[in-house]
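Here's the structure, in structure tokens; my notes come after.
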Amino acid sequence: MTDTALLIKDVDKFYGPVDFGVHAVKKLNMDVRKGEIIALLGSSGCGKTSTLRMIAGFEAVSRGTISLAGKEVQTLPPVRRNVAMAFEGYSLYPPLTVRENIAFALKASKFSQGVVDEKVASIAKLLEIEDILGRYPSSISGGQQQRASLGRALIRDANLHLLDEPMGQLEPQLRALLRGRIKHFIKERGLTAILVTHDQTEANALADRIAVMEGGVLQQFDTPQKIKERPANLFTGTFVGEPPMNVFEASVTGSDSKMAFGLKDGVRLEYAASDFSHAVRDELIKRQKVVLGIRPYSVRRSADGVTGRVAVNQWLGDQTHIAADFAGGTMVLVEHDRTELDVGQPIGIHLDPSSLHVFDGESGRAISHGQELA
């Protein structure tokens with residue numbers, strides 16, 4: 001008995017002739033366990049929606065296989081896949097009321113009308129659309145249509161629930177409220193769900209694991225914590241995290257006692273060799289060029305640090321964001337106290353080696369996270 005709900009193996013998607021058209025998804029491999037919530041996270045055009053539509057059966061697979069509940073389905077029509085999908089474009093039936101739209105998927109079931117009404121009322125309460133159940137799609141807002149579409153998908157008993165930007169049209173306060181409710185609903189019923197989003201806050205809040213995609217390629221597939229703490233490559237490191245990771249190109253020199261990174265404008269960061277594991281040191285000395293990364297929350301001000309000059313100082317109500325001119329670029333620091341600093345004021349910047357991420361200068365692959373070898 002396997003706990004795998006979905007298995008994607010070596011899947012390619014071309015728009016146009018295979019090997020000559022637009023290569024939207026490239027040799028994708030992914031497994032989803034029963035009861036998991038997975039987020040496909042990436043910018044517009046990265047391949048996440050194409051992936052979702054191939055799973056649902058609305059796009060043909062150019063190469064590879066997709067298995068649901070242990071059965072290959074890539075050649076089956078959507079109706080035979082037992083997949084529920086909430087589209088970004090809502091796709092409600094105009095002649096039906098919101099209540100009828102949500103209940104539509106239950107018509108083929110053997111539930112009594114009383115049970116159907118109870119289920120519709122429950123999902124409407126969860127999504128806060130109880131007051132529009134008797135209205136038609138053309139008479140409600142985009143956010144209300146999106147919630148109705150989401151309710152129609154979640155109410156179904158399916159092997160897999162696919163949610164395409166499920167809350168993109170909602171106000172931030174309502175979106176934050178519904179994230180928690182929807183996650184509880186999915187987990188309580190043991191549903192398996194995949195959602196597409198470009199919002200990393202949404203992905204972190206809802207997903208057990210996140211698949212970061214860019215250029216049709218799966219960059220990393222892991223828990224939200226590991227993706228942030230141990231990014232597999234430079235793209236993931238800079239894409240995930242707010243504010244974004246600070247990055248600087250650097251040259252590397254090393255000896256038995258010291259490791260040094262040379263940055264632009266003559267900035268030199270020196271550390272004891274013992275600050276890095278033997279494995280990391282061996283990787284570093286093979287390379288002349290690397291990219292150093294550090295999260296804004298990990299940057300510290302220190303009297304004996306490398307000098308930078310304040311370019312921007314913003315108090316955001318609960319934290320201070322400082323941008324400083326540093327090594328030919330900008331270093332962003334986040335501090336939790338209100339910090340009084342003038343533009344142009346020099347500050348000392350300290351980068352602890354345990355907080356550094358080091359990436360290969362050519363491939364972007366992670367070499368180290370702090371003291372650990374990737």
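Lettering and numbering for the structure tokens are positional, with chains as A, B, ... in the shown order, residues counted from 1 in each chain, and ligands counted from 1 in the shown order.
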
All alpha helix (DSSP H) residues (DSSP, backbone) inside segment 164-291 of chain A, as JSON, numbers by chain: {"A": [172, 173, 174, 175, 176, 177, 178, 179, 180, 181, 182, 183, 184, 185, 186, 187, 188, 200, 201, 202, 203, 204, 205, 206, 224, 225, 226, 227, 228, 229, 234, 235, 236, 237, 238, 239, 278, 279, 280, 281, 282, 283, 284, 285]}

Grab the residues selected above and save them as a compact mmCIF listing (two decimals), in the first residue's frame with N, CA and C atoms.
```
# COMPACT_ATOMS: atom_id res chain seq x y z
N PRO A 172 -6.44 41.57 1.17
CA PRO A 172 -5.41 40.94 2.01
C PRO A 172 -5.93 40.41 3.35
N GLN A 173 -6.81 41.15 4.02
CA GLN A 173 -7.31 40.71 5.32
C GLN A 173 -8.14 39.43 5.19
N LEU A 174 -9.02 39.40 4.18
CA LEU A 174 -9.84 38.21 3.96
C LEU A 174 -8.98 37.03 3.52
N ARG A 175 -7.98 37.31 2.68
CA ARG A 175 -7.09 36.25 2.21
C ARG A 175 -6.36 35.60 3.38
N ALA A 176 -5.88 36.43 4.32
CA ALA A 176 -5.17 35.89 5.48
C ALA A 176 -6.10 35.02 6.33
N LEU A 177 -7.35 35.45 6.48
CA LEU A 177 -8.32 34.68 7.26
C LEU A 177 -8.64 33.35 6.61
N LEU A 178 -8.88 33.38 5.29
CA LEU A 178 -9.29 32.17 4.59
C LEU A 178 -8.15 31.16 4.44
N ARG A 179 -6.91 31.63 4.39
CA ARG A 179 -5.78 30.70 4.31
C ARG A 179 -5.84 29.69 5.45
N GLY A 180 -6.00 30.20 6.66
CA GLY A 180 -6.06 29.31 7.82
C GLY A 180 -7.26 28.37 7.78
N ARG A 181 -8.41 28.90 7.39
CA ARG A 181 -9.61 28.08 7.33
C ARG A 181 -9.49 26.98 6.27
N ILE A 182 -8.98 27.35 5.10
CA ILE A 182 -8.88 26.38 4.01
C ILE A 182 -7.88 25.28 4.36
N LYS A 183 -6.75 25.66 4.96
CA LYS A 183 -5.77 24.64 5.34
C LYS A 183 -6.38 23.67 6.35
N HIS A 184 -7.11 24.20 7.34
CA HIS A 184 -7.75 23.35 8.33
C HIS A 184 -8.78 22.43 7.67
N PHE A 185 -9.56 22.96 6.73
CA PHE A 185 -10.57 22.18 6.02
C PHE A 185 -9.92 21.01 5.27
N ILE A 186 -8.84 21.30 4.55
CA ILE A 186 -8.15 20.27 3.76
C ILE A 186 -7.54 19.21 4.67
N LYS A 187 -6.87 19.66 5.73
CA LYS A 187 -6.20 18.72 6.63
C LYS A 187 -7.20 17.88 7.41
N GLU A 188 -8.28 18.49 7.86
CA GLU A 188 -9.27 17.78 8.65
C GLU A 188 -9.91 16.63 7.87
N GLN A 200 4.60 34.05 -2.16
CA GLN A 200 5.34 33.15 -1.26
C GLN A 200 4.74 33.12 0.14
N THR A 201 4.06 34.19 0.56
CA THR A 201 3.39 34.16 1.86
C THR A 201 2.29 33.10 1.85
N GLU A 202 1.53 33.06 0.75
CA GLU A 202 0.48 32.06 0.61
C GLU A 202 1.05 30.65 0.57
N ALA A 203 2.14 30.47 -0.16
CA ALA A 203 2.77 29.15 -0.25
C ALA A 203 3.28 28.70 1.12
N ASN A 204 3.93 29.60 1.85
CA ASN A 204 4.46 29.25 3.17
C ASN A 204 3.36 28.94 4.16
N ALA A 205 2.24 29.68 4.07
CA ALA A 205 1.16 29.50 5.03
C ALA A 205 0.38 28.22 4.80
N LEU A 206 0.22 27.81 3.54
CA LEU A 206 -0.65 26.69 3.22
C LEU A 206 0.08 25.36 3.01
N PRO A 224 8.85 24.51 3.41
CA PRO A 224 9.12 25.96 3.41
C PRO A 224 10.36 26.33 4.23
N GLN A 225 10.55 25.68 5.37
CA GLN A 225 11.70 26.00 6.21
C GLN A 225 13.01 25.67 5.51
N LYS A 226 13.10 24.49 4.89
CA LYS A 226 14.36 24.10 4.25
C LYS A 226 14.64 24.94 3.02
N ILE A 227 13.59 25.32 2.29
CA ILE A 227 13.81 26.16 1.10
C ILE A 227 14.40 27.50 1.50
N LYS A 228 13.94 28.04 2.62
CA LYS A 228 14.48 29.33 3.06
C LYS A 228 15.86 29.19 3.69
N GLU A 229 16.04 28.14 4.50
CA GLU A 229 17.31 27.98 5.21
C GLU A 229 18.38 27.32 4.38
N LEU A 234 21.10 29.66 -6.43
CA LEU A 234 21.03 31.11 -6.29
C LEU A 234 19.62 31.62 -6.60
N PHE A 235 18.95 31.02 -7.60
CA PHE A 235 17.61 31.49 -7.94
C PHE A 235 16.67 31.32 -6.75
N THR A 236 16.63 30.12 -6.17
CA THR A 236 15.74 29.88 -5.04
C THR A 236 16.09 30.77 -3.87
N GLY A 237 17.38 30.94 -3.62
CA GLY A 237 17.82 31.78 -2.52
C GLY A 237 17.33 33.21 -2.62
N THR A 238 17.34 33.76 -3.84
CA THR A 238 16.94 35.16 -4.02
C THR A 238 15.45 35.31 -4.26
N PHE A 239 14.78 34.25 -4.77
CA PHE A 239 13.35 34.35 -5.06
C PHE A 239 12.51 34.20 -3.81
N HIS A 278 35.74 21.27 6.60
CA HIS A 278 36.76 20.86 5.62
C HIS A 278 36.13 20.67 4.24
N ALA A 279 34.94 20.11 4.21
CA ALA A 279 34.28 19.86 2.92
C ALA A 279 33.98 21.16 2.19
N VAL A 280 33.50 22.16 2.95
CA VAL A 280 33.20 23.45 2.33
C VAL A 280 34.49 24.13 1.87
N ARG A 281 35.53 24.09 2.69
CA ARG A 281 36.80 24.70 2.28
C ARG A 281 37.34 24.05 1.02
N ASP A 282 37.22 22.75 0.91
CA ASP A 282 37.69 22.06 -0.30
C ASP A 282 36.92 22.52 -1.52
N GLU A 283 35.60 22.74 -1.35
CA GLU A 283 34.79 23.22 -2.47
C GLU A 283 35.15 24.66 -2.84
N LEU A 284 35.39 25.49 -1.84
CA LEU A 284 35.67 26.90 -2.10
C LEU A 284 36.99 27.13 -2.83
N ILE A 285 38.03 26.40 -2.41
CA ILE A 285 39.35 26.67 -3.00
C ILE A 285 39.45 26.15 -4.44
```

Strand (DSSP E) call set, DSSP backbone run, segment 243-334 of chain A, as a VMD selection string: chain A and resid 246 to 254 258 to 262 268 to 272 289 to 294 300 to 315 320 to 326 329 to 334

Residue contacts of Val98 of chain A (8 Å, only C-alpha atoms) excluding same-chain residues fewer than 5 positions away, as JSON, numbers by chain: {"A": [132, 133, 134, 135, 136, 137, 148]}

Include all heavy atoms and write out the residues we just selected as a tab-separated table (two decimals), in the first residue's frame.
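Writing the result to selection.tsv gives the following:
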```tsv
chain	number	residue	atom	x	y	z
A	132	ILE	N	-24.67	35.33	-0.73
A	132	ILE	CA	-24.80	35.43	-2.19
A	132	ILE	C	-25.21	34.11	-2.83
A	132	ILE	O	-25.17	33.97	-4.05
A	132	ILE	CB	-23.48	35.93	-2.84
A	132	ILE	CG1	-22.33	34.93	-2.58
A	132	ILE	CG2	-23.12	37.34	-2.35
A	132	ILE	CD1	-21.11	35.17	-3.44
A	133	LEU	N	-25.61	33.14	-2.03
A	133	LEU	CA	-25.92	31.81	-2.58
A	133	LEU	C	-27.06	31.86	-3.60
A	133	LEU	O	-27.10	31.05	-4.54
A	133	LEU	CB	-26.28	30.84	-1.45
A	133	LEU	CG	-25.11	30.38	-0.58
A	133	LEU	CD1	-25.62	29.50	0.57
A	133	LEU	CD2	-24.07	29.63	-1.39
A	134	GLY	N	-27.97	32.79	-3.46
A	134	GLY	CA	-29.10	32.87	-4.38
A	134	GLY	C	-28.86	33.75	-5.59
A	134	GLY	O	-29.74	33.88	-6.45
A	135	ARG	N	-27.67	34.33	-5.69
A	135	ARG	CA	-27.37	35.24	-6.80
A	135	ARG	C	-26.67	34.50	-7.94
A	135	ARG	O	-26.16	33.39	-7.78
A	135	ARG	CB	-26.54	36.41	-6.29
A	135	ARG	CG	-27.33	37.30	-5.32
A	135	ARG	CD	-26.44	38.30	-4.61
A	135	ARG	NE	-25.80	39.23	-5.55
A	135	ARG	CZ	-24.98	40.20	-5.17
A	135	ARG	NH1	-24.69	40.36	-3.87
A	135	ARG	NH2	-24.44	41.01	-6.05
A	136	TYR	N	-26.63	35.17	-9.10
A	136	TYR	CA	-25.99	34.60	-10.29
A	136	TYR	C	-24.57	35.16	-10.45
A	136	TYR	O	-24.29	36.29	-9.99
A	136	TYR	CB	-26.83	34.88	-11.54
A	136	TYR	CG	-28.14	34.13	-11.55
A	136	TYR	CD1	-29.28	34.68	-10.97
A	136	TYR	CD2	-28.22	32.85	-12.08
A	136	TYR	CE1	-30.49	33.97	-10.94
A	136	TYR	CE2	-29.42	32.13	-12.06
A	136	TYR	CZ	-30.54	32.70	-11.49
A	136	TYR	OH	-31.71	31.99	-11.47
A	137	PRO	N	-23.67	34.41	-11.10
A	137	PRO	CA	-22.28	34.85	-11.23
A	137	PRO	C	-22.11	36.26	-11.80
A	137	PRO	O	-21.20	36.99	-11.38
A	137	PRO	CB	-21.67	33.79	-12.15
A	137	PRO	CG	-22.46	32.56	-11.87
A	137	PRO	CD	-23.86	33.05	-11.63
A	148	ALA	N	-16.65	31.28	-4.81
A	148	ALA	CA	-17.65	30.31	-5.23
A	148	ALA	C	-17.00	29.17	-6.01
A	148	ALA	O	-17.34	27.99	-5.82
A	148	ALA	CB	-18.72	30.99	-6.09
```

Applying 7 Å and only C-alpha atoms, which residues near Ala272 of chain A remain after dropping the ones on its own chain fewer than 6 positions away? List them as a PDB file with N, CA and C atoms, in the first residue's frame.
```pdb
ATOM      1  N   SER A 257      44.808  28.505   7.649  1.00  0.00           N
ATOM      2  CA  SER A 257      44.325  29.261   8.806  1.00  0.00           C
ATOM      3  C   SER A 257      43.248  30.291   8.468  1.00  0.00           C
ATOM      4  N   LYS A 258      43.097  30.635   7.177  1.00  0.00           N
ATOM      5  CA  LYS A 258      42.225  31.754   6.854  1.00  0.00           C
ATOM      6  C   LYS A 258      41.460  31.519   5.553  1.00  0.00           C
ATOM      7  N   MET A 259      40.235  32.028   5.504  1.00  0.00           N
ATOM      8  CA  MET A 259      39.454  32.090   4.267  1.00  0.00           C
ATOM      9  C   MET A 259      39.069  33.542   4.041  1.00  0.00           C
TER      10      MET A 259
END
```

Give me the residues near segment 292-301 of chain A as a PDB file with N, CA and C atoms, in the first residue's frame, where near means some atom within 8 Å (using only C-alpha atoms) and where sequence neighbours in that chain fewer than 5 positions away do not count.
```
ATOM      1  N   GLY A 237      17.377  30.941  -3.621  1.00  0.00           N
ATOM      2  CA  GLY A 237      17.816  31.784  -2.515  1.00  0.00           C
ATOM      3  C   GLY A 237      17.328  33.207  -2.625  1.00  0.00           C
ATOM      4  N   GLY A 241      11.954  34.566   0.157  1.00  0.00           N
ATOM      5  CA  GLY A 241      12.420  35.381   1.274  1.00  0.00           C
ATOM      6  C   GLY A 241      12.074  36.843   1.055  1.00  0.00           C
ATOM      7  N   PRO A 243      12.544  40.678   3.113  1.00  0.00           N
ATOM      8  CA  PRO A 243      13.138  41.163   1.867  1.00  0.00           C
ATOM      9  C   PRO A 243      14.067  40.104   1.245  1.00  0.00           C
ATOM     10  N   PRO A 244      14.366  40.252  -0.054  1.00  0.00           N
ATOM     11  CA  PRO A 244      15.196  39.242  -0.722  1.00  0.00           C
ATOM     12  C   PRO A 244      16.599  39.152  -0.142  1.00  0.00           C
ATOM     13  N   MET A 245      17.201  37.988  -0.351  1.00  0.00           N
ATOM     14  CA  MET A 245      18.577  37.760   0.082  1.00  0.00           C
ATOM     15  C   MET A 245      19.528  38.778  -0.555  1.00  0.00           C
ATOM     16  N   ASN A 246      20.467  39.283   0.233  1.00  0.00           N
ATOM     17  CA  ASN A 246      21.546  40.104  -0.302  1.00  0.00           C
ATOM     18  C   ASN A 246      22.552  39.197  -1.009  1.00  0.00           C
ATOM     19  N   VAL A 247      23.011  39.568  -2.199  1.00  0.00           N
ATOM     20  CA  VAL A 247      24.005  38.760  -2.908  1.00  0.00           C
ATOM     21  C   VAL A 247      25.110  39.646  -3.462  1.00  0.00           C
ATOM     22  N   PHE A 248      26.340  39.127  -3.425  1.00  0.00           N
ATOM     23  CA  PHE A 248      27.511  39.837  -3.903  1.00  0.00           C
ATOM     24  C   PHE A 248      28.475  38.853  -4.553  1.00  0.00           C
ATOM     25  N   GLU A 249      28.979  39.200  -5.722  1.00  0.00           N
ATOM     26  CA  GLU A 249      30.021  38.390  -6.347  1.00  0.00           C
ATOM     27  C   GLU A 249      31.314  38.543  -5.558  1.00  0.00           C
ATOM     28  N   ALA A 250      32.080  37.449  -5.481  1.00  0.00           N
ATOM     29  CA  ALA A 250      33.300  37.490  -4.673  1.00  0.00           C
ATOM     30  C   ALA A 250      34.353  36.559  -5.248  1.00  0.00           C
ATOM     31  N   MET A 331      23.330  46.665   0.524  1.00  0.00           N
ATOM     32  CA  MET A 331      23.132  45.680   1.584  1.00  0.00           C
ATOM     33  C   MET A 331      21.905  46.090   2.392  1.00  0.00           C
ATOM     34  N   VAL A 332      20.938  45.201   2.499  1.00  0.00           N
ATOM     35  CA  VAL A 332      19.718  45.474   3.266  1.00  0.00           C
ATOM     36  C   VAL A 332      19.812  44.776   4.614  1.00  0.00           C
ATOM     37  N   LEU A 333      19.507  45.529   5.672  1.00  0.00           N
ATOM     38  CA  LEU A 333      19.483  45.005   7.030  1.00  0.00           C
ATOM     39  C   LEU A 333      18.073  45.161   7.583  1.00  0.00           C
ATOM     40  N   VAL A 334      17.624  44.220   8.382  1.00  0.00           N
ATOM     41  CA  VAL A 334      16.346  44.328   9.069  1.00  0.00           C
ATOM     42  C   VAL A 334      16.604  44.274  10.572  1.00  0.00           C
ATOM     43  N   GLU A 335      16.098  45.289  11.285  1.00  0.00           N
ATOM     44  CA  GLU A 335      16.230  45.328  12.739  1.00  0.00           C
ATOM     45  C   GLU A 335      14.842  45.491  13.354  1.00  0.00           C
ATOM     46  N   ILE A 347      28.025  53.134   8.722  1.00  0.00           N
ATOM     47  CA  ILE A 347      27.724  52.094   9.700  1.00  0.00           C
ATOM     48  C   ILE A 347      28.680  50.923   9.477  1.00  0.00           C
ATOM     49  N   GLY A 348      28.971  50.193  10.530  1.00  0.00           N
ATOM     50  CA  GLY A 348      29.774  48.985  10.413  1.00  0.00           C
ATOM     51  C   GLY A 348      28.884  47.777  10.170  1.00  0.00           C
ATOM     52  N   ILE A 349      29.202  46.984   9.150  1.00  0.00           N
ATOM     53  CA  ILE A 349      28.373  45.840   8.764  1.00  0.00           C
ATOM     54  C   ILE A 349      29.139  44.553   9.020  1.00  0.00           C
ATOM     55  N   HIS A 350      28.533  43.670   9.806  1.00  0.00           N
ATOM     56  CA  HIS A 350      29.166  42.388  10.125  1.00  0.00           C
ATOM     57  C   HIS A 350      28.358  41.241   9.523  1.00  0.00           C
ATOM     58  N   LEU A 351      29.043  40.357   8.832  1.00  0.00           N
ATOM     59  CA  LEU A 351      28.422  39.182   8.220  1.00  0.00           C
ATOM     60  C   LEU A 351      29.011  37.948   8.893  1.00  0.00           C
ATOM     61  N   ASP A 352      28.228  37.322   9.736  1.00  0.00           N
ATOM     62  CA  ASP A 352      28.713  36.140  10.448  1.00  0.00           C
ATOM     63  C   ASP A 352      28.839  34.973   9.485  1.00  0.00           C
ATOM     64  N   SER A 355      25.988  32.533   8.903  1.00  0.00           N
ATOM     65  CA  SER A 355      24.789  33.002   8.206  1.00  0.00           C
ATOM     66  C   SER A 355      24.996  33.131   6.701  1.00  0.00           C
ATOM     67  N   LEU A 356      26.206  32.867   6.233  1.00  0.00           N
ATOM     68  CA  LEU A 356      26.508  33.023   4.807  1.00  0.00           C
ATOM     69  C   LEU A 356      26.002  31.833   3.988  1.00  0.00           C
ATOM     70  N   HIS A 357      25.472  32.127   2.823  1.00  0.00           N
ATOM     71  CA  HIS A 357      25.188  31.128   1.796  1.00  0.00           C
ATOM     72  C   HIS A 357      26.179  31.382   0.670  1.00  0.00           C
ATOM     73  N   VAL A 358      26.827  30.327   0.212  1.00  0.00           N
ATOM     74  CA  VAL A 358      27.813  30.477  -0.856  1.00  0.00           C
ATOM     75  C   VAL A 358      27.357  29.671  -2.065  1.00  0.00           C
ATOM     76  N   PHE A 359      27.316  30.331  -3.226  1.00  0.00           N
ATOM     77  CA  PHE A 359      26.848  29.709  -4.456  1.00  0.00           C
ATOM     78  C   PHE A 359      27.958  29.700  -5.502  1.00  0.00           C
TER      79      PHE A 359
END
```

Counting only C-alpha atoms, which residues of segment 211-240 of chain A sit at most 12 Å from some atom of segment 4-11 of chain A, and what is each one's closest atom pair with its distance in Å to one decimal, listed by chain and rising residue number, as CSV?
```
residue,atom,partner,partner_atom,distance
A:Gly216,CA,A:Val11,CA,10.6
A:Val217,CA,A:Val11,CA,10.6
A:Leu218,CA,A:Val11,CA,11.1
```

Long-range neighbours of Ile155 of chain A as a ChimeraX atom specification, 9 Å cut-off, only C-alpha atoms, 3 positions minimum in chain: /A:84,102-103,105-106,119-120,123,150-152

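Atom to atom, atom CA of Val252 of chain A and atom CA of Val212 of chain A stand 29.3 Å apart.
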
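Closest approach to Tyr93 of chain A from the set A:His336, A:Ser138, A:Pro231, A:Thr320 is made by A:Ser138, with distances taken over only C-alpha atoms.
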
Please identify every residue of segment 155-184 of chain A that has at least one atom no farther than 12 Å from an atom of segment 31-40 of chain A, counting only C-alpha atoms, and for each give the shortest atom pair and the distance in Å to one decimal, arranged by chain then increasing number, as CSV.
```
residue,atom,partner,partner_atom,distance
A:Ala158,CA,A:Lys34,CA,11.8
A:Asn159,CA,A:Lys34,CA,8.8
A:Leu160,CA,A:Lys34,CA,8.9
A:His161,CA,A:Ile37,CA,9.3
A:Leu162,CA,A:Ile38,CA,9.6
A:Leu163,CA,A:Ala39,CA,9.3
A:Asp164,CA,A:Leu40,CA,9.4
A:Glu165,CA,A:Leu40,CA,9.9
A:Pro166,CA,A:Ala39,CA,11.3
A:Ile182,CA,A:Ile37,CA,10.8
A:Lys183,CA,A:Ile37,CA,8.3
A:His184,CA,A:Ile37,CA,11.0
```

Residues just named, written with all heavy atoms as a CSV table (one decimal), in the first residue's frame:
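selection15.csv, written as the output of this step:
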```csv
chain,number,residue,atom,x,y,z
A,158,ALA,N,-12.7,14.0,-4.2
A,158,ALA,CA,-11.8,13.7,-5.4
A,158,ALA,C,-10.5,13.2,-4.9
A,158,ALA,O,-10.1,13.3,-3.7
A,158,ALA,CB,-11.6,15.0,-6.2
A,159,ASN,N,-9.8,12.5,-5.8
A,159,ASN,CA,-8.4,12.0,-5.5
A,159,ASN,C,-7.4,13.2,-5.3
A,159,ASN,O,-6.4,13.0,-4.6
A,159,ASN,CB,-7.9,11.1,-6.6
A,159,ASN,CG,-8.6,9.8,-6.6
A,159,ASN,OD1,-9.1,9.3,-5.6
A,159,ASN,ND2,-8.6,9.1,-7.8
A,160,LEU,N,-7.7,14.3,-5.9
A,160,LEU,CA,-6.8,15.4,-5.9
A,160,LEU,C,-7.5,16.7,-6.1
A,160,LEU,O,-8.4,16.8,-7.0
A,160,LEU,CB,-5.7,15.2,-7.0
A,160,LEU,CG,-4.5,16.1,-7.0
A,160,LEU,CD1,-3.7,15.9,-5.8
A,160,LEU,CD2,-3.6,15.8,-8.3
A,161,HIS,N,-7.2,17.7,-5.4
A,161,HIS,CA,-7.8,19.0,-5.5
A,161,HIS,C,-6.7,20.0,-6.0
A,161,HIS,O,-5.7,20.2,-5.4
A,161,HIS,CB,-8.4,19.5,-4.2
A,161,HIS,CG,-9.6,18.8,-3.7
A,161,HIS,ND1,-9.5,17.5,-3.2
A,161,HIS,CD2,-10.9,19.2,-3.7
A,161,HIS,CE1,-10.8,17.1,-2.9
A,161,HIS,NE2,-11.6,18.1,-3.2
A,162,LEU,N,-7.0,20.6,-7.2
A,162,LEU,CA,-6.1,21.5,-7.8
A,162,LEU,C,-6.6,23.0,-7.7
A,162,LEU,O,-7.7,23.2,-8.2
A,162,LEU,CB,-5.9,21.1,-9.3
A,162,LEU,CG,-5.4,19.7,-9.5
A,162,LEU,CD1,-5.3,19.4,-11.0
A,162,LEU,CD2,-4.1,19.4,-8.8
A,163,LEU,N,-5.8,23.9,-7.2
A,163,LEU,CA,-6.3,25.2,-6.9
A,163,LEU,C,-5.4,26.2,-7.6
A,163,LEU,O,-4.2,26.3,-7.3
A,163,LEU,CB,-6.3,25.5,-5.4
A,163,LEU,CG,-7.0,24.4,-4.5
A,163,LEU,CD1,-6.8,24.8,-3.1
A,163,LEU,CD2,-8.4,24.2,-4.9
A,164,ASP,N,-5.9,26.9,-8.6
A,164,ASP,CA,-5.1,27.8,-9.4
A,164,ASP,C,-5.2,29.2,-9.0
A,164,ASP,O,-6.3,29.8,-9.2
A,164,ASP,CB,-5.5,27.7,-10.9
A,164,ASP,CG,-4.6,28.5,-11.8
A,164,ASP,OD1,-3.5,29.0,-11.4
A,164,ASP,OD2,-4.9,28.6,-13.0
A,165,GLU,N,-4.2,29.8,-8.3
A,165,GLU,CA,-4.3,31.1,-7.7
A,165,GLU,C,-5.6,31.3,-6.9
A,165,GLU,O,-6.4,32.2,-7.3
A,165,GLU,CB,-4.1,32.2,-8.8
A,165,GLU,CG,-2.8,32.1,-9.5
A,165,GLU,CD,-1.7,32.8,-8.8
A,165,GLU,OE1,-1.8,33.2,-7.6
A,165,GLU,OE2,-0.6,32.8,-9.4
A,166,PRO,N,-5.9,30.5,-5.9
A,166,PRO,CA,-7.2,30.4,-5.4
A,166,PRO,C,-7.7,31.6,-4.7
A,166,PRO,O,-8.9,31.8,-4.5
A,166,PRO,CB,-7.1,29.2,-4.4
A,166,PRO,CG,-5.7,29.2,-4.0
A,166,PRO,CD,-4.9,29.5,-5.3
A,182,ILE,N,-9.0,27.3,5.1
A,182,ILE,CA,-8.9,26.4,4.0
A,182,ILE,C,-7.9,25.3,4.4
A,182,ILE,O,-8.1,24.1,4.1
A,182,ILE,CB,-8.5,27.1,2.7
A,182,ILE,CG1,-9.7,27.9,2.2
A,182,ILE,CG2,-8.1,26.1,1.6
A,182,ILE,CD1,-9.4,28.9,1.1
A,183,LYS,N,-6.8,25.7,5.0
A,183,LYS,CA,-5.8,24.6,5.3
A,183,LYS,C,-6.4,23.7,6.4
A,183,LYS,O,-6.2,22.5,6.2
A,183,LYS,CB,-4.5,25.3,5.9
A,183,LYS,CG,-3.4,24.3,6.3
A,183,LYS,CD,-2.1,24.9,6.6
A,183,LYS,CE,-1.0,23.9,6.8
A,183,LYS,NZ,0.3,24.5,7.0
A,184,HIS,N,-7.1,24.2,7.3
A,184,HIS,CA,-7.8,23.3,8.3
A,184,HIS,C,-8.8,22.4,7.7
A,184,HIS,O,-8.8,21.2,8.0
A,184,HIS,CB,-8.4,24.2,9.4
A,184,HIS,CG,-9.2,23.4,10.4
A,184,HIS,ND1,-8.5,22.7,11.4
A,184,HIS,CD2,-10.5,23.2,10.6
A,184,HIS,CE1,-9.4,22.1,12.2
A,184,HIS,NE2,-10.6,22.4,11.7
```

Residues near Lys13 of chain A, cut-off 9 Å, only C-alpha atoms, skip fewer than 2 positions along chain, as a PyMOL selection string: chain A and resi 11+15+18+22-27+47+50-51+54+59-63+216

Shortest interatomic distance to Gly42 of chain A - which of A:Ile194, A:Leu96, A:Val83, A:Ile210, counting only C-alpha atoms: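 Closest to Gly42 of chain A, using only C-alpha atoms: A:Ile210.
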
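The gap separating atom CA of Gly143 of chain A from atom CA of Asn101 of chain A is 15.5 Å, in Å to one decimal.
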
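Counting only C-alpha atoms and comparing A:Ala366, A:Val310, A:Ala327, A:Ala121, the residue that lies closest to Gly266 of chain A is A:Ala327.
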
Between atom CA of Phe326 of chain A and atom CA of Glu340 of chain A, distance in Å (one decimal):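 Computing the Euclidean distance for atom CA of Phe326 of chain A and atom CA of Glu340 of chain A yields 19.1 Å.
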